[in-house]
Structure formats: structure tokens, C-alpha cells
$ cat target.cif   # mmCIF, C-alpha atoms
data_run
loop_
_atom_site.group_PDB
_atom_site.id
_atom_site.type_symbol
_atom_site.label_atom_id
_atom_site.label_comp_id
_atom_site.auth_asym_id
_atom_site.auth_seq_id
_atom_site.Cartn_x
_atom_site.Cartn_y
_atom_site.Cartn_z
ATOM 1 C CA MET A 1 8.113 -12.824 12.028
ATOM 2 C CA THR A 2 9.416 -14.031 8.678
ATOM 3 C CA THR A 3 9.981 -11.736 5.734
ATOM 4 C CA PHE A 4 7.391 -13.679 3.764
ATOM 5 C CA LEU A 5 4.764 -13.194 6.465
ATOM 6 C CA CYS A 6 5.556 -9.474 6.742
ATOM 7 C CA GLU A 7 5.124 -9.085 3.000
ATOM 8 C CA LEU A 8 1.792 -10.935 3.050
ATOM 9 C CA ILE A 9 0.509 -8.691 5.842
ATOM 10 C CA LEU A 10 1.580 -5.570 3.951
ATOM 11 C CA ILE A 11 -0.042 -6.810 0.729
ATOM 12 C CA LYS A 12 -3.274 -7.469 2.627
ATOM 13 C CA LYS A 13 -3.168 -3.927 4.066
ATOM 14 C CA ILE A 14 -2.619 -2.526 0.559
ATOM 15 C CA ASP A 15 -5.575 -4.499 -0.767
ATOM 16 C CA LEU A 16 -7.850 -3.333 2.069
ATOM 17 C CA MET A 17 -6.759 0.287 1.588
ATOM 18 C CA LYS A 18 -7.505 0.088 -2.153
ATOM 19 C CA LYS A 19 -11.004 -1.162 -1.410
ATOM 20 C CA LYS A 20 -11.522 1.546 1.204
ATOM 21 C CA MET A 21 -10.383 4.232 -1.228
ATOM 22 C CA VAL A 22 -12.774 3.025 -3.939
ATOM 23 C CA ARG A 23 -15.684 3.036 -1.461
ATOM 24 C CA LEU A 24 -14.758 6.540 -0.284
ATOM 25 C CA ALA A 25 -14.430 7.813 -3.841
ATOM 26 C CA HIS A 26 -17.898 6.528 -4.692
ATOM 27 C CA SER A 27 -19.516 7.898 -1.539
ATOM 28 C CA THR A 28 -17.669 11.205 -1.009
ATOM 29 C CA GLY A 29 -16.228 11.963 -4.464
ATOM 30 C CA PHE A 30 -12.876 11.420 -6.099
ATOM 31 C CA ASP A 31 -11.477 14.748 -4.902
ATOM 32 C CA SER A 32 -12.829 14.683 -1.326
ATOM 33 C CA GLN A 33 -10.432 15.104 1.582
ATOM 34 C CA GLU A 34 -11.260 11.593 2.822
ATOM 35 C CA THR A 35 -10.471 10.008 -0.542
ATOM 36 C CA LEU A 36 -7.260 12.001 -0.935
ATOM 37 C CA ARG A 37 -6.131 11.107 2.589
ATOM 38 C CA CYS A 38 -6.821 7.442 1.905
ATOM 39 C CA SER A 39 -4.921 7.690 -1.386
ATOM 40 C CA GLN A 40 -1.907 9.096 0.462
ATOM 41 C CA GLU A 41 -2.043 6.262 2.990
ATOM 42 C CA LEU A 42 -2.209 3.781 0.115
ATOM 43 C CA ASP A 43 0.807 5.460 -1.512
ATOM 44 C CA ASN A 44 2.740 5.096 1.751
ATOM 45 C CA LEU A 45 1.924 1.388 1.980
ATOM 46 C CA ILE A 46 2.929 0.809 -1.646
ATOM 47 C CA ASN A 47 6.171 2.724 -1.100
ATOM 48 C CA LEU A 48 6.941 0.542 1.926
ATOM 49 C CA HIS A 49 6.378 -2.569 -0.158
ATOM 50 C CA MET A 50 8.619 -1.273 -2.928
ATOM 51 C CA LYS A 51 11.323 -0.298 -0.444
ATOM 52 C CA TYR A 52 11.463 -3.616 1.382
ATOM 53 C CA PHE A 53 10.157 -6.239 -1.002
ATOM 54 C CA SER A 54 10.713 -5.210 -4.616
ATOM 55 C CA LYS A 55 13.078 -7.440 -6.591
ATOM 56 C CA ARG A 56 14.920 -4.469 -8.041
ATOM 57 C CA ASN A 57 15.620 -3.134 -4.549
ATOM 58 C CA LYS A 58 16.862 -6.561 -3.410
ATOM 59 C CA LEU A 59 19.211 -6.730 -6.399
ATOM 60 C CA SER A 60 20.654 -3.267 -5.767
ATOM 61 C CA ASN A 61 21.224 -4.087 -2.074
ATOM 62 C CA ALA A 62 23.064 -7.283 -2.975
ATOM 63 C CA SER A 63 25.743 -5.363 -4.894
#
$ encode --input "target.cif" --output "C-alpha cells"
Amino acid sequence: MTTFLCELILIKKIDLMKKKMVRLAHSTGFDSQETLRCSQELDNLINLHMKYFSKRNKLSNAS
């Protein structure tokens, strides 16, 4: 699988998780366990994207 395709898949997962979190927050509350758990999963996905696909990370690895 190409790097570009991997990034697109991860971005799609991030987008879906954002939507899920918003739905959970509206239905269960912003401080519910479900919303907080979803927020943590979203944080993990965003951290993965930053680690592997951010331009700043690519520049620091090139040095």
C-alpha cells in the first residue's frame, strides 16, 4: 500500500471518528464516558497522522 493511500485511509478514519464523537456528545453529553473514550481514540488517530505524515516530522527525519 502506498504512503498516499495509507494517509487517505487514516484521514478518513479521523473524519469518521470526529463525526462519531459529535453524535455521542449530543446524545450522551460532552463529559460522558463514551464521548471521552471516543475523544481519546480520535487523539490517537491524530497523533498517528502527525507522527507519520506531518511535514515537520518529514523534515526532521530528513536531517
$ resolve_selection --input "target.cif" --expression "the PyMOL selection byres ((chain A and resi 39) around 10)" --output "list in words"
Met17, Lys18, Lys20, Met21, Val22, Leu24, Ala25, Phe30, Gln33, Glu34, Thr35, Leu36, Arg37, Cys38, Gln40, Glu41, Leu42, Asp43, Asn44 and Leu45 of chain A
$ residues_around --input "target.cif" --residues "Thr3 in chain A" --least-positions-apart "4" --cutoff "9 Å" --atoms "only C-alpha atoms" --output "list of chain:residue names"
A:Glu7, A:Leu8, A:Phe53
$ atom_distance --input "target.cif" --atom1 "CA of Ile46 in chain A" --atom2 "CA of His26 in chain A"
21.8 Å
$ axis_aligned_box --input "target.cif" --around "range 6-10 of chain A" --padding-each-side "4 Å" --output "AutoDock Vina command-line options"
--center_x 3.0 --center_y -8.3 --center_z 4.9 --size_x 13.0 --size_y 13.4 --size_z 11.7
$ atom_distance --input "target.cif" --atom1 "CA of Met50 in chain A" --atom2 "CA of Ser27 in chain A"
29.6 Å
